[in-house]
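Structure first, commentary second.
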Amino acid sequence: MKKKLLLSDTSRQLMAKDIAVFEDPQKLKSVLNKLSWKILQLLSEKEMYPLQVARKLEVHEQKVYYHIRKLTKAGAIKVVREEEKKGAIAKYYKATFPAMGVELPFGYHKMSRFPEGNIDEKMQQFTGPFIKDGNFDGKIVVGSPDPHGPFKAKARDGHYAAYLTFFLGQFVKLPEDFAIKLDVDVKAEKEESNNLILMGGPGTNLITQEVNEFLPIRFNMIPSEHGFLLGGLVSEKTKKVYTADSMGVIAQISNPWNKEKTVIVLAGNKAVGTKACVLALTKFGDKTLKKFNGKKFAVIIQGFDLDGDGKVDSTEVLE
């Protein structure tokens with residue numbers, strides 16, 4: 001008997017349980033017998049010893065012993081504990097597997113990493129360029145925690161990538177190589193031609209700084225005698241300026257260095273704005289991507305603290 005997984009797709013979650021696959025048809029007969037099946041159903045609910053089973057089913061104890069021996073030999077049930085009762089040892093049995101079946105040697109097919117009904121179509125399209133044969137195809141770039149770049153800034157939003165990767169793990173297998181890179185390493189290694197997910201604004205992420213001019217909603221980098229100042233987010237379409245710390249942009253564009261690749265940007269005016277963008281994509285993706293159509297895309301996200309604990313827990317799409 002082999003152990004495999006039985007998958008079941010619920011409305012919002014992919015569930016799995018162990019299934020015993022019988023290779024010997026003779027063992028399957030032990031399970032399909034009418035009385036054996038009743039015993040197996042009882043033992044799937046709770047552990048019992050044979051006399052208990054006999055009393056519950058109102059049959060002779062010897063009949064129960066006979067079928068329990070066959071079920072045990074078939075691997076359908078097992079002893080889980082022993083207890084002394086009236087000078088004898090009572091063996092408690094329990095069903096071994098929650099499902100059993102037979103398998104013929106054909107019919108395997110590849111499954112989509114997006115279980116039907118589990119991930120909506122917009123999210124599939126948005127993350128699709130980063131998934132190839134079930135593997136993550138790209139890099140997640142976070143700002144260095146050390147002072148760097150023209151702003152000599154220390155990134156404080158890189159850890160939000162961990163939450164994003166938990167989310168992406170629904171769709172892809174664990175990569176062989178580390179998928180998360182520091183901006184200074186990507187810049188040094190000239191890896192801009194990959195698919196990229198950029199975390200953090202141009203003040204803390206050098207690669208976001210380089211793609212900023214290509215974004216439909218971009219950060220206003222104002223020249224000054226000290227280099228640059230950040231003047232919030234400016235919409236190419238409406239010309240509105242968004243300066244609140246809790247605001248950010250979620251965008252998808254073609255990679256400026258390789259048009260066949262894709263760049264996604266999740267970046268806030270401050271770290272709290274980046275957090276709002278991550279929450280907007282992972283928890284409220286249906287609203288966030290409502291207007292996404294597979295082309296150049298950007299939305300303004302504002303984070304809110306609804307429960308009053310000082311942390312962003314909800315988001316709104318402003319544009």
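In the structure tokens, each chain is lettered A, B, ... as it comes, each chain's residues begin at 1, and ligands are numbered from 1 in order of appearance.
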
Any chance you could tabulate, as a tab-separated table, the residues of stretch 159-182 of chain A at most 9 Å from stretch 271-286 of chain A with each one's nearest atom pair and distance in Å to one decimal, using only C-alpha atoms, in chain and rising number order?
```
residue	atom	partner	partner_atom	distance
A:Tyr160	CA	A:Lys275	CA	6.4
A:Ala161	CA	A:Val278	CA	8.1
A:Tyr163	CA	A:Val278	CA	7.7
A:Leu164	CA	A:Val278	CA	6.5
A:Phe167	CA	A:Thr282	CA	6.3
A:Leu168	CA	A:Thr282	CA	8.7
```

Query raised in the report: Where in stretch 30-205 of chain A does DSSP assign strand (DSSP E or B), given as a PyMOL selection string?
Result: chain A and resi 48+77-85+88-95+100-102+131-132+135-136+139-142+148+153+180-182+196-199

Query raised in the report: What is the atom CA of A:Tyr65-atom CA of A:Pro98 distance in Å, reported with one decimal?
Result: 21.7 Å

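Between atom CA of A:Leu5 and atom CA of A:Ser30 there is a distance of 22.2 Å.
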
Query raised in the report: Mind pulling up the distance from atom CA of A:Leu229 to atom CA of A:Asn212?
Result: 14.0 Å

**Report entry** Residues near A:Thr238, cut-off 12 Å, only C-alpha atoms, skip fewer than 3 positions along chain, as a PyMOL selection string
**Finding:** chain A and resi 216-217+233-235+241-242+299-300+318-319

All residues 9 Å or closer to A:Ser254, only C-alpha atoms, same chain fewer than 6 positions away omitted, as a PDB file with C-alpha atoms, in the first residue's frame:
```
ATOM      1  CA  ASN A 195      11.866  40.007 -13.824  1.00  0.00           C
ATOM      2  CA  GLU A 260      10.490  40.915 -22.499  1.00  0.00           C
ATOM      3  CA  LYS A 261      10.771  41.021 -18.716  1.00  0.00           C
ATOM      4  CA  THR A 262       8.489  42.637 -16.133  1.00  0.00           C
ATOM      5  CA  VAL A 263       8.977  44.974 -13.179  1.00  0.00           C
ATOM      6  CA  ILE A 264       6.544  45.230 -10.274  1.00  0.00           C
ATOM      7  CA  LYS A 295      -0.731  46.655 -19.745  1.00  0.00           C
ATOM      8  CA  LYS A 296       1.214  49.463 -18.057  1.00  0.00           C
TER       9      LYS A 296
END
```

Query - Shell of 6 Å around A:Ala251, only C-alpha atoms, local chain residues under 6 positions omitted, as a list of chain:residue names - result: A:Ile264, A:Val265, A:Phe297, A:Ala298

Could those selected residues go to a file with N, CA and C atoms, as a short mmCIF file (atom, residue, chain, number, x, y, z; two decimals), in the first residue's frame?
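Result went into out38.cif, see below:
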```cif
data_model
loop_
_atom_site.label_atom_id
_atom_site.label_comp_id
_atom_site.auth_asym_id
_atom_site.auth_seq_id
_atom_site.Cartn_x
_atom_site.Cartn_y
_atom_site.Cartn_z
N ILE A 264 7.61 44.84 -11.19
CA ILE A 264 6.54 45.23 -10.27
C ILE A 264 7.17 46.09 -9.19
N VAL A 265 6.51 47.19 -8.86
CA VAL A 265 7.00 48.10 -7.81
C VAL A 265 5.97 48.16 -6.69
N PHE A 297 0.57 49.63 -15.72
CA PHE A 297 -0.43 49.74 -14.65
C PHE A 297 0.17 50.38 -13.41
N ALA A 298 -0.61 51.23 -12.75
CA ALA A 298 -0.18 51.80 -11.48
C ALA A 298 -1.40 52.29 -10.71
#
```

Do you know which residues are at most 10 Å from stretch 66-70 of chain A counting only C-alpha atoms, after dropping those on the same chain fewer than 3 positions away, and could you put them as a short mmCIF file (atom, residue, chain, number, x, y, z; two decimals) with C-alpha atoms, in the first residue's frame?
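Result file around-v3.cif:
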```
data_model
loop_
_atom_site.label_atom_id
_atom_site.label_comp_id
_atom_site.auth_asym_id
_atom_site.auth_seq_id
_atom_site.Cartn_x
_atom_site.Cartn_y
_atom_site.Cartn_z
CA LYS A 27 -6.44 -6.43 0.42
CA LYS A 29 -11.68 -7.03 -0.43
CA SER A 30 -11.03 -6.80 3.31
CA VAL A 31 -12.17 -3.21 3.33
CA ASN A 33 -16.84 -6.32 3.09
CA LEU A 35 -19.16 -5.55 8.24
CA SER A 36 -15.53 -4.52 7.71
CA TRP A 37 -16.70 -1.23 6.29
CA ILE A 39 -15.96 -1.34 11.64
CA LEU A 40 -13.69 0.95 9.62
CA TYR A 49 -11.15 -2.06 21.27
CA PRO A 50 -12.94 -5.06 19.66
CA VAL A 53 -17.00 -2.38 18.47
CA GLU A 61 -17.25 -10.45 19.33
CA GLN A 62 -15.54 -13.25 17.35
CA LYS A 63 -16.87 -11.81 14.08
CA LYS A 73 -3.29 -7.16 7.74
CA ALA A 74 -4.51 -4.95 4.88
CA GLY A 75 -3.03 -1.88 6.64
CA ALA A 76 -6.41 -0.14 6.94
CA ILE A 77 -6.33 0.01 10.77
CA LYS A 78 -3.62 -0.19 13.42
CA TYR A 93 -7.57 0.29 17.07
#
```

Report task. Name the residues in contact with A:Ile140 at a cut-off of 9 Å, using only C-alpha atoms, excluding same-chain residues fewer than 3 positions from it; report them as a PyMOL selection string. Result -> chain A and resi 161+165+179-182+195-199

Take the residues just selected and output them with C-alpha atoms as a short mmCIF file (atom, residue, chain, number, x, y, z; two decimals), in the first residue's frame.
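Once written, part.cif looks like this:
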```cif
data_model
loop_
_atom_site.label_atom_id
_atom_site.label_comp_id
_atom_site.auth_asym_id
_atom_site.auth_seq_id
_atom_site.Cartn_x
_atom_site.Cartn_y
_atom_site.Cartn_z
CA ALA A 161 9.33 41.12 1.51
CA THR A 165 7.04 35.74 -0.26
CA ALA A 179 15.19 35.12 -4.70
CA ILE A 180 15.60 38.18 -2.45
CA LYS A 181 18.48 40.55 -3.25
CA LEU A 182 19.74 43.86 -1.86
CA ASN A 195 11.87 40.01 -13.82
CA LEU A 196 12.02 42.23 -10.74
CA ILE A 197 9.77 42.96 -7.78
CA LEU A 198 11.05 46.18 -6.21
CA MET A 199 10.28 46.85 -2.55
#
```

Quick one: DSSP helix (DSSP H, G or I) residues in stretch 179-304 of chain A, as an mmCIF file with N, CA and C atoms, in the first residue's frame?
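Output file out10.cif is given in full below:
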```cif
data_model
loop_
_atom_site.group_PDB
_atom_site.id
_atom_site.type_symbol
_atom_site.label_atom_id
_atom_site.label_comp_id
_atom_site.auth_asym_id
_atom_site.auth_seq_id
_atom_site.Cartn_x
_atom_site.Cartn_y
_atom_site.Cartn_z
ATOM 1 N N ASP A 183 19.414 45.906 -3.084
ATOM 2 C CA ASP A 183 19.532 46.781 -4.253
ATOM 3 C C ASP A 183 20.982 47.020 -4.663
ATOM 4 N N VAL A 184 21.883 47.129 -3.670
ATOM 5 C CA VAL A 184 23.296 47.385 -3.998
ATOM 6 C C VAL A 184 23.918 46.189 -4.722
ATOM 7 N N ASP A 185 23.465 44.972 -4.398
ATOM 8 C CA ASP A 185 23.989 43.780 -5.065
ATOM 9 C C ASP A 185 23.463 43.667 -6.488
ATOM 10 N N VAL A 186 22.184 43.963 -6.672
ATOM 11 C CA VAL A 186 21.600 43.907 -8.019
ATOM 12 C C VAL A 186 22.284 44.928 -8.924
ATOM 13 N N LYS A 187 22.518 46.119 -8.396
ATOM 14 C CA LYS A 187 23.161 47.173 -9.187
ATOM 15 C C LYS A 187 24.586 46.775 -9.557
ATOM 16 N N ALA A 188 25.288 46.148 -8.616
ATOM 17 C CA ALA A 188 26.672 45.746 -8.864
ATOM 18 C C ALA A 188 26.756 44.577 -9.833
ATOM 19 N N GLU A 189 25.792 43.655 -9.764
ATOM 20 C CA GLU A 189 25.838 42.446 -10.591
ATOM 21 C C GLU A 189 25.147 42.607 -11.938
ATOM 22 N N LEU A 206 17.798 51.589 -4.710
ATOM 23 C CA LEU A 206 18.466 52.187 -5.860
ATOM 24 C C LEU A 206 17.855 51.758 -7.185
ATOM 25 N N ILE A 207 17.265 50.543 -7.251
ATOM 26 C CA ILE A 207 16.684 50.072 -8.507
ATOM 27 C C ILE A 207 15.336 50.746 -8.736
ATOM 28 N N THR A 208 14.574 50.976 -7.666
ATOM 29 C CA THR A 208 13.344 51.759 -7.808
ATOM 30 C C THR A 208 13.683 53.159 -8.303
ATOM 31 N N GLN A 209 14.780 53.694 -7.815
ATOM 32 C CA GLN A 209 15.237 55.018 -8.247
ATOM 33 C C GLN A 209 15.487 55.040 -9.756
ATOM 34 N N GLU A 210 16.051 53.947 -10.276
ATOM 35 C CA GLU A 210 16.380 53.907 -11.707
ATOM 36 C C GLU A 210 15.154 53.700 -12.589
ATOM 37 N N VAL A 211 14.117 52.991 -12.091
ATOM 38 C CA VAL A 211 12.923 52.767 -12.919
ATOM 39 C C VAL A 211 11.873 53.851 -12.689
ATOM 40 N N ASN A 212 12.087 54.725 -11.722
ATOM 41 C CA ASN A 212 11.093 55.721 -11.334
ATOM 42 C C ASN A 212 10.571 56.522 -12.518
ATOM 43 N N GLU A 213 11.454 56.936 -13.419
ATOM 44 C CA GLU A 213 11.035 57.780 -14.538
ATOM 45 C C GLU A 213 10.103 57.066 -15.507
ATOM 46 N N PHE A 214 10.054 55.726 -15.451
ATOM 47 C CA PHE A 214 9.216 54.954 -16.370
ATOM 48 C C PHE A 214 7.837 54.638 -15.775
ATOM 49 N N ALA A 271 8.313 53.870 4.950
ATOM 50 C CA ALA A 271 8.198 52.419 5.138
ATOM 51 C C ALA A 271 6.752 51.986 5.345
ATOM 52 N N VAL A 272 5.974 52.800 6.071
ATOM 53 C CA VAL A 272 4.580 52.450 6.333
ATOM 54 C C VAL A 272 3.773 52.417 5.030
ATOM 55 N N GLY A 273 4.163 53.244 4.066
ATOM 56 C CA GLY A 273 3.497 53.229 2.758
ATOM 57 C C GLY A 273 3.808 51.957 1.979
ATOM 58 N N THR A 274 5.052 51.484 2.094
ATOM 59 C CA THR A 274 5.418 50.215 1.455
ATOM 60 C C THR A 274 4.621 49.069 2.076
ATOM 61 N N LYS A 275 4.475 49.101 3.400
ATOM 62 C CA LYS A 275 3.685 48.076 4.075
ATOM 63 C C LYS A 275 2.248 48.089 3.558
ATOM 64 N N ALA A 276 1.683 49.273 3.379
ATOM 65 C CA ALA A 276 0.321 49.389 2.869
ATOM 66 C C ALA A 276 0.204 48.756 1.483
ATOM 67 N N CYS A 277 1.224 48.928 0.653
ATOM 68 C CA CYS A 277 1.219 48.346 -0.696
ATOM 69 C C CYS A 277 1.253 46.821 -0.637
ATOM 70 N N VAL A 278 2.075 46.277 0.249
ATOM 71 C CA VAL A 278 2.159 44.817 0.392
ATOM 72 C C VAL A 278 0.821 44.256 0.858
ATOM 73 N N LEU A 279 0.190 44.915 1.833
ATOM 74 C CA LEU A 279 -1.118 44.468 2.321
ATOM 75 C C LEU A 279 -2.175 44.586 1.232
ATOM 76 N N ALA A 280 -2.113 45.669 0.459
ATOM 77 C CA ALA A 280 -3.102 45.880 -0.602
ATOM 78 C C ALA A 280 -3.052 44.760 -1.634
ATOM 79 N N LEU A 281 -1.843 44.287 -1.949
ATOM 80 C CA LEU A 281 -1.700 43.230 -2.953
ATOM 81 C C LEU A 281 -2.039 41.858 -2.389
ATOM 82 N N THR A 282 -1.585 41.573 -1.176
ATOM 83 C CA THR A 282 -1.723 40.220 -0.633
ATOM 84 C C THR A 282 -3.073 39.952 0.034
ATOM 85 N N GLY A 285 -6.225 42.022 -2.850
ATOM 86 C CA GLY A 285 -5.822 41.996 -4.251
ATOM 87 C C GLY A 285 -6.958 42.191 -5.228
ATOM 88 N N ASP A 286 -8.164 41.700 -4.895
ATOM 89 C CA ASP A 286 -9.289 41.828 -5.823
ATOM 90 C C ASP A 286 -9.648 43.292 -6.069
ATOM 91 N N LYS A 287 -9.596 44.120 -5.020
ATOM 92 C CA LYS A 287 -9.887 45.551 -5.173
ATOM 93 C C LYS A 287 -8.695 46.290 -5.777
ATOM 94 N N THR A 288 -7.506 45.923 -5.335
ATOM 95 C CA THR A 288 -6.296 46.615 -5.791
ATOM 96 C C THR A 288 -6.083 46.449 -7.288
#
```

Dump as JSON lines the rows for residues of stretch 243-266 of chain A within 10 Å of stretch 200-203 of chain A: closest atom pair and distance in Å with one decimal, only C-alpha atoms counted, ordered by chain and rising residue number.
```
{"residue": "A:Gly248", "atom": "CA", "partner": "A:Gly201", "partner_atom": "CA", "distance": 8.4}
{"residue": "A:Val249", "atom": "CA", "partner": "A:Gly201", "partner_atom": "CA", "distance": 8.9}
{"residue": "A:Val265", "atom": "CA", "partner": "A:Gly200", "partner_atom": "CA", "distance": 7.8}
{"residue": "A:Leu266", "atom": "CA", "partner": "A:Gly200", "partner_atom": "CA", "distance": 6.2}
```
